[in-house]
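Peer 1: Got a structure here, written out as structure tokens. Questions coming.
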Amino acid sequence: MNENILKNELQCYITEHINADVNKIALSKSLFKNVSSAELAGQIAAKKKSIHKLPTWFNHDKIYYPVLLSIEQCSSETTAAYKANLAIGGSLIDLTAGFGVDSYFFSKKLDEVYSCEINSELLEITAYNAKILGANNINFVVEDGIEFLKKNKLKFNTIYIDPARRSHSNKVFKLKDCTPDVTEHLPLFLEKTKRIIIKTAPLLDISAGLSELQNVSEIHIVSVKNECKEILWVIDKGFIGETKIICATLNTTTKTFSFPISDLRLTTEIANTLPVGYIYEPDVALLKSGAFNLIAERFGLKKLHSQSQLYFSEEIKSEFLGRIFEIKSLLNLNELKKEKNLKGNVIVRNFPEKAENLVKKYKISSSHDDFILFTQTNAGYLVIKAKIMQHY
């Protein structure tokens, strides 16, 4: 840490230049003694990235920021606060702390938190910020978290780990593709705790994860503004019951949809009539869960087509997790060709053409609240002109 960055005049400069061109600043001569232009640019870029992601840090005086990558990779406050509610007991160890956002929110719920990070410079920054933020119940450990567990007799009520994915291909990956490999260390974890919380990227296949783990009591699929952020695997020592899946959408309000994993086997009838009333497009958390038929049953909706993952009902169901559209008119493709001055945001579901191609083909101009959905029913392709009623 370069403590000169914390001086008042330099902090004022960072705040005043939050929207400045950081590349230009990095290439210019530094205005401050003992602080390089690159350091200045780095602080500005990281702080700007925190405006919405980490408002507690952004709005607090004299926060020291790490390299931008650490901010990009850390949890948001929204998801960290959600995770904090999953911890049990009074103590927790965060084995892969990074910038410490998760550790901070765990500390607001628990009596004592151990925060392990192998990068000494990053941990120094995290520890400094925790003190500034008043999180005095966090013990910072400059060490690999698993090695710390191995050589200490300490036990914790909860272990939290966020393993880094080694492979960056788009193929389905497994927990064994991450560092550390949690599957290898599960016996150690279960010796040291009653509950394990594992955070993984949304790309991890749920079936693959279940095949690698044991005693999984809950799987939380977390999204923010229809973007799947993370999957949380809750392992409880000795648990032998049925795994529960919880879909959580963290927006202005938090909505959850939970069910035992066996409900994925439920079947539902496909509607044999054209949709009326309102169209429902599930949030990505629901789609990731695979509960396509359960969605219809639980919310009292009719499924438009087996592959479209769109639903409808005559009455609006505002508790639904996802977007809701009011149907204005239904068209087939021949009728659409005759339409002029088409306006709307194009959505494609189970349709053979891409949205950008359809915009050009039918000369569709953008609109704030109007949408045009290209999809299909059992009777064929269908175009739905609609107005959005609920975004999340």
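To be explicit about the labels: the chains of the structure tokens are called A, B, and onward in the order shown, and within each one the residues are counted from 1, while ligands get numbers from 1 in the order they are shown.
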Find the spatial neighbours of Glu121 (chain A), counting only C-alpha atoms, within a cut-off of 12 Å - ignore same-chain residues fewer than 2 positions away - and output them as a list of chain:residue names.

Peer 2: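 So the residues in contact are A:Met1, A:Asn2, A:Tyr64, A:Tyr65, A:Pro66, A:Val67, A:Ser70, A:Gly98, A:Phe99, A:Glu117, A:Ile118, A:Asn119, A:Leu123, A:Glu124, A:Ile125, A:Thr126, A:Ala127, A:Tyr128, A:Val141, A:Val142, A:Glu143.
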
Peer 1: So that I can check the secondary structure, give me every residue of region 164-267 of chain A assigned strand (DSSP E or B) by backbone DSSP, as a PyMOL selection string.

Peer 2: chain A and resi 164-165+178-179+193-200+216-224+227-236+244-250+254-260

Peer 1: For CA of Ile63 (chain A) and CA of Ile159 (chain A), determine how far apart the two atoms are, in Å to one decimal place.

Peer 2: 27.4 Å

Peer 1: Quick one: residues within 6 Å of Phe105 (chain A), only C-alpha atoms, excluding same-chain residues fewer than 2 positions away - as an MDAnalysis selection string?

Peer 2: chainID A and resid 81 84 102:103 107:108

Peer 1: Residues of region 248-321 of chain A that approach region 203-224 of chain A to 6 Å or less, counting only C-alpha atoms: could you list each one with the shortest pair of atoms and its distance in Å to one decimal, rows by chain and increasing residue number, as a Markdown table?

Peer 2:
| residue | atom | partner | partner_atom | distance |
| --- | --- | --- | --- | --- |
| A:Ala248 | CA | A:Val222 | CA | 4.9 |
| A:Thr249 | CA | A:Ser223 | CA | 4.9 |
| A:Leu250 | CA | A:Val224 | CA | 5.0 |
| A:Asn251 | CA | A:Val224 | CA | 5.9 |
| A:Ala285 | CA | A:Ile221 | CA | 5.6 |

Peer 1: Could you write out that same residue set with N, CA, C and O atoms as a compact mmCIF listing (two decimals), in the first residue's frame?

Peer 2:
# COMPACT_ATOMS: atom_id res chain seq x y z
N ALA A 248 -33.24 -17.03 -6.61
CA ALA A 248 -33.37 -15.74 -5.93
C ALA A 248 -33.06 -14.61 -6.90
O ALA A 248 -31.98 -14.59 -7.50
N THR A 249 -34.00 -13.70 -7.05
CA THR A 249 -33.79 -12.51 -7.89
C THR A 249 -33.64 -11.31 -6.96
O THR A 249 -34.55 -10.98 -6.21
N LEU A 250 -32.46 -10.69 -7.01
CA LEU A 250 -32.13 -9.59 -6.09
C LEU A 250 -32.22 -8.27 -6.84
O LEU A 250 -31.26 -7.80 -7.43
N ASN A 251 -33.38 -7.67 -6.81
CA ASN A 251 -33.61 -6.40 -7.51
C ASN A 251 -34.11 -5.38 -6.50
O ASN A 251 -33.64 -5.38 -5.35
N ALA A 285 -32.54 -16.96 -13.53
CA ALA A 285 -32.38 -17.88 -12.40
C ALA A 285 -33.36 -19.04 -12.51
O ALA A 285 -33.01 -20.20 -12.24

Peer 1: According to DSSP computed on the backbone, where in region 172-306 of chain A is there helix (DSSP H, G or I)? Give the residues as a PyMOL selection string.

Peer 2: chain A and resi 175-177+182-192+206-212+261-265+284-289+292-299

Peer 1: Quick one, how far is CA of Leu264 (chain A) from CA of Lys244 (chain A)?

Peer 2: 10.9 Å

Peer 1: For region 295-298 of chain A, work out the shell of residues within 9 Å, counting only C-alpha atoms and skipping chain neighbours fewer than 6 positions away, then give it as a VMD selection string.

Peer 2: chain A and resid 268 282 286 311 to 312 320

Peer 1: For the selection just defined, write its residues with N, CA and C atoms to a file, as a compact mmCIF listing (two decimals), in the first residue's frame.

Peer 2:
# COMPACT_ATOMS: atom_id res chain seq x y z
N THR A 268 -46.22 -30.95 -17.59
CA THR A 268 -47.34 -30.02 -17.70
C THR A 268 -47.87 -30.05 -19.12
N PRO A 282 -39.51 -16.06 -18.00
CA PRO A 282 -38.83 -16.34 -16.73
C PRO A 282 -37.47 -15.64 -16.61
N LEU A 286 -34.58 -18.76 -12.91
CA LEU A 286 -35.57 -19.81 -13.12
C LEU A 286 -35.15 -20.72 -14.27
N TYR A 311 -44.83 -18.32 -21.12
CA TYR A 311 -46.08 -18.73 -20.46
C TYR A 311 -47.09 -17.60 -20.60
N PHE A 312 -48.38 -17.91 -20.32
CA PHE A 312 -49.38 -16.86 -20.36
C PHE A 312 -50.51 -17.14 -19.38
N PHE A 320 -44.46 -13.27 -9.99
CA PHE A 320 -43.63 -14.02 -10.93
C PHE A 320 -42.21 -13.46 -10.97

Peer 1: Interatomic distance between CA of Ser30 (chain A) and CA of Lys47 (chain A)?

Peer 2: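 Taking CA of Ser30 (chain A) as the start and CA of Lys47 (chain A) as the end point, the length is 18.5 Å.
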
Peer 1: For Asp61 (chain A), find every residue with an atom within 12 Å (counting only C-alpha atoms), except residues of its own chain fewer than 6 positions away, and show them as a list in words.

Peer 2: Leu6, Lys7, Asn8, Leu10, Gln11, Cys12, Ile14, Thr15, Lys47, Pro55, Asn129, Ile132 and Leu133 of chain A

Peer 1: Give the answer as one residue: which of A:Asp236, A:Asp144, A:Glu230, A:Glu319 has the shortest atom-to-atom distance to Ile197 (chain A), using only C-alpha atoms?

Peer 2: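 Closest to Ile197 (chain A) of all the choices is A:Asp236.
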
Peer 1: Taking 5 positions as the minimum chain separation for residues in the same chain, which residues sit within 8 Å of Ile198 (chain A) when counting only C-alpha atoms? Answer as number ranges by chain.

Peer 2: A: 160-163, 232-234

Peer 1: Restricting the output to N, CA, C and O atoms, write the selected residues as a PDB file, in the first residue's frame.

Peer 2:
ATOM      1  N   TYR A 160     -16.679 -20.858   4.042  1.00  0.00           N
ATOM      2  CA  TYR A 160     -17.072 -20.283   2.750  1.00  0.00           C
ATOM      3  C   TYR A 160     -15.875 -20.312   1.810  1.00  0.00           C
ATOM      4  O   TYR A 160     -14.754 -19.972   2.212  1.00  0.00           O
ATOM      5  N   ILE A 161     -16.126 -20.718   0.563  1.00  0.00           N
ATOM      6  CA  ILE A 161     -15.038 -20.772  -0.416  1.00  0.00           C
ATOM      7  C   ILE A 161     -15.551 -20.387  -1.796  1.00  0.00           C
ATOM      8  O   ILE A 161     -16.650 -20.776  -2.203  1.00  0.00           O
ATOM      9  N   ASP A 162     -14.752 -19.613  -2.484  1.00  0.00           N
ATOM     10  CA  ASP A 162     -15.063 -19.172  -3.847  1.00  0.00           C
ATOM     11  C   ASP A 162     -13.913 -19.612  -4.744  1.00  0.00           C
ATOM     12  O   ASP A 162     -12.987 -18.848  -5.016  1.00  0.00           O
ATOM     13  N   PRO A 163     -13.928 -20.866  -5.199  1.00  0.00           N
ATOM     14  CA  PRO A 163     -12.808 -21.362  -6.006  1.00  0.00           C
ATOM     15  C   PRO A 163     -12.746 -20.688  -7.366  1.00  0.00           C
ATOM     16  O   PRO A 163     -13.773 -20.391  -7.974  1.00  0.00           O
ATOM     17  N   LEU A 232     -24.760 -20.903  -5.465  1.00  0.00           N
ATOM     18  CA  LEU A 232     -24.262 -21.171  -4.124  1.00  0.00           C
ATOM     19  C   LEU A 232     -24.690 -22.580  -3.705  1.00  0.00           C
ATOM     20  O   LEU A 232     -25.880 -22.912  -3.728  1.00  0.00           O
ATOM     21  N   TRP A 233     -23.698 -23.381  -3.349  1.00  0.00           N
ATOM     22  CA  TRP A 233     -23.928 -24.766  -2.948  1.00  0.00           C
ATOM     23  C   TRP A 233     -23.790 -24.851  -1.438  1.00  0.00           C
ATOM     24  O   TRP A 233     -22.719 -24.578  -0.891  1.00  0.00           O
ATOM     25  N   VAL A 234     -24.861 -25.222  -0.754  1.00  0.00           N
ATOM     26  CA  VAL A 234     -24.844 -25.325   0.701  1.00  0.00           C
ATOM     27  C   VAL A 234     -24.753 -26.798   1.083  1.00  0.00           C
ATOM     28  O   VAL A 234     -25.638 -27.598   0.753  1.00  0.00           O
TER      29      VAL A 234
END

Peer 1: So, with only C-alpha atoms as the atoms that count, which of A:Asp263, A:Thr253, A:Ser367, A:Lys337 lies closest to Leu321 (chain A)?

Peer 2: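 Looking only at the distances to Leu321 (chain A), the closest residue turns out to be A:Thr253.
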
Peer 1: Please list as a VMD selection string every residue within 12 Å of Phe374 (chain A), counting only C-alpha atoms and excluding residues in the same chain fewer than 5 positions away.

Peer 2: chain A and resid 308 310 330 to 333 336 344 to 355 357 to 359 362 380 to 386
